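Below is one structure, written out as structure tokens; the observations come after it.
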Amino acid sequence: MKAFTMPEFYVPHPARLNPHLERSRAHTMAWAKETGMLDAPKPGGGVVWTAEELDRMDYALMCAYTHPDCDGPALDLVTDWYVWVFFFDDHFLELFKHSRDFAGAQRHLDRLELFMGDDPPEPENPAEAGLKDLWERTVPHMSADWRERFVVSTHNLMVESMWELENIDRGRIANPIEYVQMRRRVGGAPWSANLVEFAAGAEVPGHLAATRPLRVLSDTFSDAVHLRNDLFSYQREVAEEGENSNAVLVLETFLGVTTQEAAERVNDLLTSRLQQFETTALTEVPALLAERAAPPHEQAAVALYVKGLQDWQSGGHEWHMRSSRYMNEGMVSGKIQKPHGLGTATLRIGAEKRARQHSHVPFERVGPQPVPEFHLPYPLRMSPHLDAARRHSAGWAREMGFLDGVVWDERRFTGIDLAHCAALINADGAPEEVFLTTDWLTWGTYGDDYYPVAFGATRDLAGARALNTRLKAIMGEHAPEPVEPMERGLADLWRRTAAGLSERARAGFRAAVEDMIDSWVWELDNEAAGRIPDPVDYIEMRRRTFGSDLTASLARLSAAEVVDDAIYQSRVMRELETAAQDYACFTNDLFSYQKEIEFEGELHNMVLVVENFLDVDRATARAIVADLMNERMRQFEHIRANGLPAMLALIGDPEVSRVLERHAALLQDWMAGIMEWHRRCARYTEPELQRLRAESFAPPPRLVLLPSGLGTSAVRPLPRR
């Protein structure tokens with residue numbers, strides 16, 4: 001019995017078939033036999049794959065659909081890569097997931113990594129033999145930059161299988177945010193995006209690969225691939241194999257809905273991610289290429305890459321409707337279906353989703369909103385330097401020119417009480433550190449309030465980008481003379497904070513500040529388009545607009561000589577940080593809902609994003625956001641108590657342990673301090689909002705998360721909004 005009826009899919013582009021299909025079918029069957037994949041035994045008897053099973057799964061057909069334009073040898077190699085990755089997944093399931101053999105799984109993964117190096121050992125199993133052969137056949141064709149990115153994505157899809165194994169062992173189903181993040185690492189679609197570069201002969205230039213537009217293309221591509229796969233594979237993975245890493249199951253559990261309703265919601269998210277891909281490809285990518293003055297050959301490479309990702313989506317969908325691996329009975333009538341055009345269902349689905357995203361009417365009267373119950377297990381702590389910080393911050397804000405009565409005046413600044421916020425989250429700092437924390441917070445708050453006033457109402461996006469260019473120059477080697485408050489404030493803070501950092505740390509610090517100010521322009525772009533953000537894009541960008549990604553980056557930089565970047569990019573540390581970040585971001589969104597929706601006409605609030613995406617009322621959306629907060633806190637607690645100690649034991653370095661334990665403790669203080677500041681601050685109350693409106697002030701400023709340490713001392717998380 002099928003678990004649910006498949007929803008209508010948004011497939012805006014026709015699938016096309018590579019003419020070298022039969023060649024690759026024959027080649028890859030021979031290759032699988034040669035590497036031993038068709039003789040790999042199961043622990044309980046039998047083999048992982050038979051030749052008949054491999055033939056029915058038809059990975060050559062998948063690659064012929066997903067890479068319709070490459071030549072025969074390239075299609076052969078790409079198909080072999082996919083045979084290997086699916087074999088790896090099924091082989092790992094049989095050897096380690098069913099038996100919960102954690103130690104054996106880790107040894108298996110550790111050895112596999114050796115086959116992407118310069119001196120691999122002799123293979124001992126088909127997974128190793130396949131990876132060794134593929135690596136040697138692929139890397140000579142690609143640059144060192146691509147190889148580095150491909151190693152990371154291959155590492156992630158192998159190593160993060162341990163996350164799935166641990167969840168199965170605990171009987172734990174991930175929360176939705178964690179699931180999307182981790183599915184990118186373990187699901188392999190970023191790895192597929194790397195192979196698109198190879199198959200299309202369109203390697204993304206290294207200086208563009210890490211930019212927001214290219215990152216969003218990869219992320220939206222990955223999410224759509226995984227969400228589609230989860231819909232088709234739910235029957236096999238959940239009902240038959242006992243897996244619990246599936247988006248349908250995740251939403252079914254978190255939202256408390258039927259399997260059918262959860263499948264419809266997963267499809268809604270799939271559609272949203274595809275449309276985010278389209279928006280990015282059509283608007284942000286051309287702007288990036290123009291801004292960077294990319295030469296014609298780089299523009300052509302990026303265009304071919306975008307087309308390759310687009311082909312993969314349509315081709316992947318076509319293959320899912322045919323492969324014996326998935327729940328697809330009745331979805332197609334024959335073995336090969338002719339390419340189809342834009343159907344009426346796709347047009348309708350796409351139009352409905354886009355219309356809802358642009359349907360919000362700003363400044364709706366919503367009234368004061370009740371605050372839900374929060375799970376917060378960490379105590380409050382307060383700096384003894386609060387009063388001194390209040391006196392210092394008032395003088396500094398006045399000196400920088402923030403209190404000129406246009407955006408802020410003395411009364412408004414005093415009422416916000418940013419020193420109180422800094423003292424809550426930097427309880428152990430020396431006086432100078434608390435002062436610097438407060439000044440960063442003041443600069444960020446003023447800036448986040450200034451941008452909508454100066455550029456939002458007039459839709460002056462060019463003016464906002466011009467200011468960002470000057471602010472970035474302030475942090476450069478040949479800084480211009482600051483001429484207005486934002487520039488004066490940053491020049492002073494940059495001098496006081498960056499002076500003690502190494503060259504490498506200073507570059508990272510600058511990049512973190514740039515990411516935050518660029519995220520303010522992202523908000524202005526959405527406001528100008530009247531577009532409520534896609535939920536995944538909102539959460540990930542919210543960490544930047546809130547300043548939390550900046551703080552995490554700065555904390556890593558301050559310990560750069562002790563802790564390698566790779567440790568901070570590990571699953572344990574990334575999930576620990578983002579769980580804390582989301583808890584803080586959603587705290588603000590719940591407290592500031594009336595201020596932002598009714599008084600500011602904002603589109604950037606998680607409650608509104610949930611209302612829009614799930615088409616529910618604000619009370620339901622508010623409860624869902626509170627549930628997300630609480631789930632992220634429970635995830636933080638679990639990692640803090642289990643994942644972090646286990647990782648530190650493996651590292652075995654007392655100094656690394658000290659730094660990371662301190663970092664985790666600071667995150668605890670941060671979350672508790674942010675919650676307390678929101679509870680005590682008058683800025684979110686209706687009387688204060690009405691007073692500001694009556695006095696013709698701009699909307700109340702948000703808060704920003706910024707550093708508190710001097711030089712190379714630990715940088716502490718701060719709140720925003």
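The chains in the structure tokens are called A, B, ... from first to last as shown; in each chain the residues are counted from 1, and the ligands are counted from 1 in the order shown.
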
Segment 209-282 of chain A near segment 159-168 of chain A within 12 Å: what's each residue's closest atom pair and its distance in Å to one decimal, counting only C-alpha atoms, ordered by chain then ascending residue number, as CSV?
```
residue,atom,partner,partner_atom,distance
A:Glu237,CA,A:Ile168,CA,12.0
A:Val238,CA,A:Ile168,CA,11.2
A:Glu241,CA,A:Ile168,CA,11.0
A:Gly242,CA,A:Ile168,CA,8.2
A:Glu243,CA,A:Ile168,CA,6.9
A:Asn244,CA,A:Ile168,CA,6.5
A:Ser245,CA,A:Glu164,CA,6.6
A:Asn246,CA,A:Glu164,CA,10.2
```

Contact residues around segment 307-314 of chain A with only C-alpha atoms at 9 Å, ignoring same-chain residues under 6 positions, as a PyMOL selection string: chain A and resi 11-16+63+65-69+192-193+196-197+199-200+202+217-218+221+224-225+274

Quick one: residues within 12 Å of Ala641 of chain A, only C-alpha atoms counted, chain neighbours fewer than 5 positions away excluded, as a list in words? Val572, Leu576, Arg634, Gln635, Phe636, Ala646, Met647, Leu648, Glu661, Ala664 and Ala665 of chain A

Those same residues, written as a PDB file, in the first residue's frame with all heavy atoms?
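Just written: part-v3.pdb:
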```pdb
ATOM      1  N   VAL A 572      29.373  18.947  14.419  1.00  0.00           N
ATOM      2  CA  VAL A 572      29.103  19.257  15.826  1.00  0.00           C
ATOM      3  C   VAL A 572      29.122  20.762  16.058  1.00  0.00           C
ATOM      4  O   VAL A 572      28.184  21.340  16.618  1.00  0.00           O
ATOM      5  CB  VAL A 572      30.119  18.550  16.740  1.00  0.00           C
ATOM      6  CG1 VAL A 572      30.036  19.094  18.174  1.00  0.00           C
ATOM      7  CG2 VAL A 572      29.855  17.048  16.746  1.00  0.00           C
ATOM      8  N   LEU A 576      25.886  23.214  16.611  1.00  0.00           N
ATOM      9  CA  LEU A 576      25.832  23.888  17.908  1.00  0.00           C
ATOM     10  C   LEU A 576      25.602  25.385  17.712  1.00  0.00           C
ATOM     11  O   LEU A 576      24.745  25.996  18.369  1.00  0.00           O
ATOM     12  CB  LEU A 576      27.135  23.642  18.675  1.00  0.00           C
ATOM     13  CG  LEU A 576      27.170  24.130  20.128  1.00  0.00           C
ATOM     14  CD1 LEU A 576      26.400  23.167  21.037  1.00  0.00           C
ATOM     15  CD2 LEU A 576      28.608  24.264  20.613  1.00  0.00           C
ATOM     16  N   ARG A 634      16.727  22.192  22.391  1.00  0.00           N
ATOM     17  CA  ARG A 634      16.963  20.801  22.801  1.00  0.00           C
ATOM     18  C   ARG A 634      18.106  20.188  22.000  1.00  0.00           C
ATOM     19  O   ARG A 634      18.889  19.406  22.535  1.00  0.00           O
ATOM     20  CB  ARG A 634      15.680  19.987  22.643  1.00  0.00           C
ATOM     21  CG  ARG A 634      14.571  20.409  23.606  1.00  0.00           C
ATOM     22  CD  ARG A 634      13.369  19.483  23.534  1.00  0.00           C
ATOM     23  NE  ARG A 634      12.318  19.957  24.423  1.00  0.00           N
ATOM     24  CZ  ARG A 634      11.290  20.705  24.045  1.00  0.00           C
ATOM     25  NH1 ARG A 634      11.167  21.054  22.770  1.00  0.00           N
ATOM     26  NH2 ARG A 634      10.385  21.105  24.909  1.00  0.00           N
ATOM     27  N   GLN A 635      18.189  20.555  20.744  1.00  0.00           N
ATOM     28  CA  GLN A 635      19.310  20.081  19.937  1.00  0.00           C
ATOM     29  C   GLN A 635      20.627  20.650  20.474  1.00  0.00           C
ATOM     30  O   GLN A 635      21.624  19.921  20.580  1.00  0.00           O
ATOM     31  CB  GLN A 635      19.114  20.503  18.482  1.00  0.00           C
ATOM     32  CG  GLN A 635      20.195  19.992  17.548  1.00  0.00           C
ATOM     33  CD  GLN A 635      20.066  20.556  16.154  1.00  0.00           C
ATOM     34  OE1 GLN A 635      19.099  21.248  15.826  1.00  0.00           O
ATOM     35  NE2 GLN A 635      21.037  20.277  15.300  1.00  0.00           N
ATOM     36  N   PHE A 636      20.639  21.930  20.821  1.00  0.00           N
ATOM     37  CA  PHE A 636      21.833  22.544  21.409  1.00  0.00           C
ATOM     38  C   PHE A 636      22.231  21.800  22.683  1.00  0.00           C
ATOM     39  O   PHE A 636      23.410  21.472  22.877  1.00  0.00           O
ATOM     40  CB  PHE A 636      21.558  24.015  21.721  1.00  0.00           C
ATOM     41  CG  PHE A 636      22.733  24.744  22.319  1.00  0.00           C
ATOM     42  CD1 PHE A 636      23.619  25.425  21.513  1.00  0.00           C
ATOM     43  CD2 PHE A 636      22.949  24.739  23.693  1.00  0.00           C
ATOM     44  CE1 PHE A 636      24.714  26.094  22.059  1.00  0.00           C
ATOM     45  CE2 PHE A 636      24.031  25.400  24.253  1.00  0.00           C
ATOM     46  CZ  PHE A 636      24.924  26.083  23.430  1.00  0.00           C
ATOM     47  N   ALA A 646      32.292  14.213  22.949  1.00  0.00           N
ATOM     48  CA  ALA A 646      32.796  13.106  22.132  1.00  0.00           C
ATOM     49  C   ALA A 646      33.794  13.604  21.096  1.00  0.00           C
ATOM     50  O   ALA A 646      34.834  12.972  20.861  1.00  0.00           O
ATOM     51  CB  ALA A 646      31.629  12.399  21.445  1.00  0.00           C
ATOM     52  N   MET A 647      33.499  14.729  20.469  1.00  0.00           N
ATOM     53  CA  MET A 647      34.415  15.292  19.483  1.00  0.00           C
ATOM     54  C   MET A 647      35.731  15.713  20.137  1.00  0.00           C
ATOM     55  O   MET A 647      36.818  15.450  19.604  1.00  0.00           O
ATOM     56  CB  MET A 647      33.774  16.484  18.781  1.00  0.00           C
ATOM     57  CG  MET A 647      34.629  17.070  17.667  1.00  0.00           C
ATOM     58  SD  MET A 647      33.954  18.593  16.951  1.00  0.00           S
ATOM     59  CE  MET A 647      34.411  19.770  18.228  1.00  0.00           C
ATOM     60  N   LEU A 648      35.648  16.354  21.300  1.00  0.00           N
ATOM     61  CA  LEU A 648      36.860  16.803  21.982  1.00  0.00           C
ATOM     62  C   LEU A 648      37.713  15.626  22.437  1.00  0.00           C
ATOM     63  O   LEU A 648      38.944  15.700  22.426  1.00  0.00           O
ATOM     64  CB  LEU A 648      36.487  17.690  23.170  1.00  0.00           C
ATOM     65  CG  LEU A 648      35.783  19.008  22.811  1.00  0.00           C
ATOM     66  CD1 LEU A 648      35.430  19.788  24.071  1.00  0.00           C
ATOM     67  CD2 LEU A 648      36.638  19.849  21.874  1.00  0.00           C
ATOM     68  N   GLU A 661      34.953  24.635  24.751  1.00  0.00           N
ATOM     69  CA  GLU A 661      34.041  24.620  25.900  1.00  0.00           C
ATOM     70  C   GLU A 661      33.654  26.046  26.276  1.00  0.00           C
ATOM     71  O   GLU A 661      32.497  26.326  26.609  1.00  0.00           O
ATOM     72  CB  GLU A 661      34.701  23.921  27.098  1.00  0.00           C
ATOM     73  CG  GLU A 661      34.822  22.414  26.974  1.00  0.00           C
ATOM     74  CD  GLU A 661      33.509  21.696  27.225  1.00  0.00           C
ATOM     75  OE1 GLU A 661      32.485  22.376  27.485  1.00  0.00           O
ATOM     76  OE2 GLU A 661      33.495  20.457  27.167  1.00  0.00           O
ATOM     77  N   ALA A 664      31.101  27.333  23.763  1.00  0.00           N
ATOM     78  CA  ALA A 664      29.758  26.806  24.039  1.00  0.00           C
ATOM     79  C   ALA A 664      29.121  27.518  25.228  1.00  0.00           C
ATOM     80  O   ALA A 664      27.920  27.824  25.214  1.00  0.00           O
ATOM     81  CB  ALA A 664      29.828  25.301  24.295  1.00  0.00           C
ATOM     82  N   ALA A 665      29.916  27.803  26.255  1.00  0.00           N
ATOM     83  CA  ALA A 665      29.386  28.520  27.412  1.00  0.00           C
ATOM     84  C   ALA A 665      28.946  29.936  27.043  1.00  0.00           C
ATOM     85  O   ALA A 665      27.927  30.439  27.547  1.00  0.00           O
ATOM     86  CB  ALA A 665      30.434  28.556  28.530  1.00  0.00           C
TER      87      ALA A 665
END
```

Write out as a ChimeraX atom specification the set of residues from segment 159-292 of chain A that DSSP, computed on the backbone, places in alpha helix (DSSP H). /A:159,161-170,176-187,189-200,206-209,212-234,247-255,259-279,285-291

Shortest contact to Val407 of chain A, candidates A:Glu676, A:Glu433, A:Asp80, A:Asp448, atoms counted only C-alpha atoms, goes to A:Asp448

Restricting to only C-alpha atoms, whichever of A:Ala397, A:Leu550, A:Ala427, A:Ala422 is closest to Glu410 of chain A is A:Ala397

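When only C-alpha atoms are used to measure the gap to Ala672 of chain A, the shortest distance among A:Gly188, A:Pro126, A:Gly117, A:Pro379 belongs to A:Pro379.
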
Using only C-alpha atoms, which protein or nucleic acid residues come within 9 Å of Leu134 of chain A? Drop anything in the same chain fewer than 5 positions from it, and give the result as a PyMOL selection string. chain A and resi 77+80-81+84+129+139

For Met321 of chain A, which residue out of A:Leu214, A:Ile639, A:Leu17, A:Leu231 is the nearest one, using only C-alpha atoms? A:Leu231

Spatial neighbours of Pro73 of chain A, max dist 10 Å, only C-alpha atoms, sep filter under 2 positions, as a PyMOL selection string: chain A and resi 20+23-24+27+70-71+75-79+199

Might you pull out every residue within 10 Å of segment 457-462 of chain A, with only C-alpha atoms counted and same-chain residues fewer than 5 positions away left off, and present them as a PyMOL selection string? chain A and resi 451-452+467-468+521-522+524-525+527-529

Store the residues picked out above, limited to N, CA, C and O atoms, as an mmCIF file, in the first residue's frame.
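Wrote it out as out_30.cif, contents follow:
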```
data_model
loop_
_atom_site.group_PDB
_atom_site.id
_atom_site.type_symbol
_atom_site.label_atom_id
_atom_site.label_comp_id
_atom_site.auth_asym_id
_atom_site.auth_seq_id
_atom_site.Cartn_x
_atom_site.Cartn_y
_atom_site.Cartn_z
ATOM 1 N N TYR A 451 19.460 52.236 7.339
ATOM 2 C CA TYR A 451 19.286 51.788 5.958
ATOM 3 C C TYR A 451 17.835 51.878 5.482
ATOM 4 O O TYR A 451 17.580 52.400 4.386
ATOM 5 N N PRO A 452 16.849 51.399 6.248
ATOM 6 C CA PRO A 452 15.462 51.569 5.773
ATOM 7 C C PRO A 452 15.049 53.028 5.655
ATOM 8 O O PRO A 452 14.297 53.394 4.746
ATOM 9 N N LEU A 467 27.042 53.097 -0.163
ATOM 10 C CA LEU A 467 27.487 53.229 1.221
ATOM 11 C C LEU A 467 28.246 51.977 1.648
ATOM 12 O O LEU A 467 29.284 52.065 2.324
ATOM 13 N N ASN A 468 27.741 50.800 1.253
ATOM 14 C CA ASN A 468 28.449 49.571 1.591
ATOM 15 C C ASN A 468 29.859 49.568 1.024
ATOM 16 O O ASN A 468 30.814 49.119 1.669
ATOM 17 N N VAL A 521 21.250 45.027 2.589
ATOM 18 C CA VAL A 521 20.820 45.333 1.225
ATOM 19 C C VAL A 521 19.906 44.225 0.704
ATOM 20 O O VAL A 521 18.954 44.494 -0.036
ATOM 21 N N TRP A 522 20.170 42.975 1.084
ATOM 22 C CA TRP A 522 19.268 41.871 0.727
ATOM 23 C C TRP A 522 17.858 42.152 1.233
ATOM 24 O O TRP A 522 16.879 41.927 0.513
ATOM 25 N N LEU A 524 16.566 45.116 1.770
ATOM 26 C CA LEU A 524 16.025 46.194 0.943
ATOM 27 C C LEU A 524 15.561 45.674 -0.415
ATOM 28 O O LEU A 524 14.545 46.131 -0.959
ATOM 29 N N ASP A 525 16.296 44.742 -0.987
ATOM 30 C CA ASP A 525 15.893 44.142 -2.266
ATOM 31 C C ASP A 525 14.530 43.472 -2.147
ATOM 32 O O ASP A 525 13.666 43.624 -3.017
ATOM 33 N N GLU A 527 12.223 44.080 0.105
ATOM 34 C CA GLU A 527 11.202 45.107 0.343
ATOM 35 C C GLU A 527 10.803 45.781 -0.968
ATOM 36 O O GLU A 527 9.619 46.032 -1.222
ATOM 37 N N ALA A 528 11.783 46.075 -1.811
ATOM 38 C CA ALA A 528 11.487 46.728 -3.081
ATOM 39 C C ALA A 528 10.630 45.840 -3.977
ATOM 40 O O ALA A 528 9.776 46.325 -4.727
ATOM 41 N N ALA A 529 10.844 44.531 -3.902
ATOM 42 C CA ALA A 529 10.081 43.593 -4.724
ATOM 43 C C ALA A 529 8.773 43.174 -4.067
ATOM 44 O O ALA A 529 7.974 42.481 -4.696
#
```

Kindly indicate which residue among A:Ser570, A:Gln235, A:Asn612, A:Gln181 lies nearest to Val248 of chain A, using only C-alpha atoms for the distances. A:Gln235
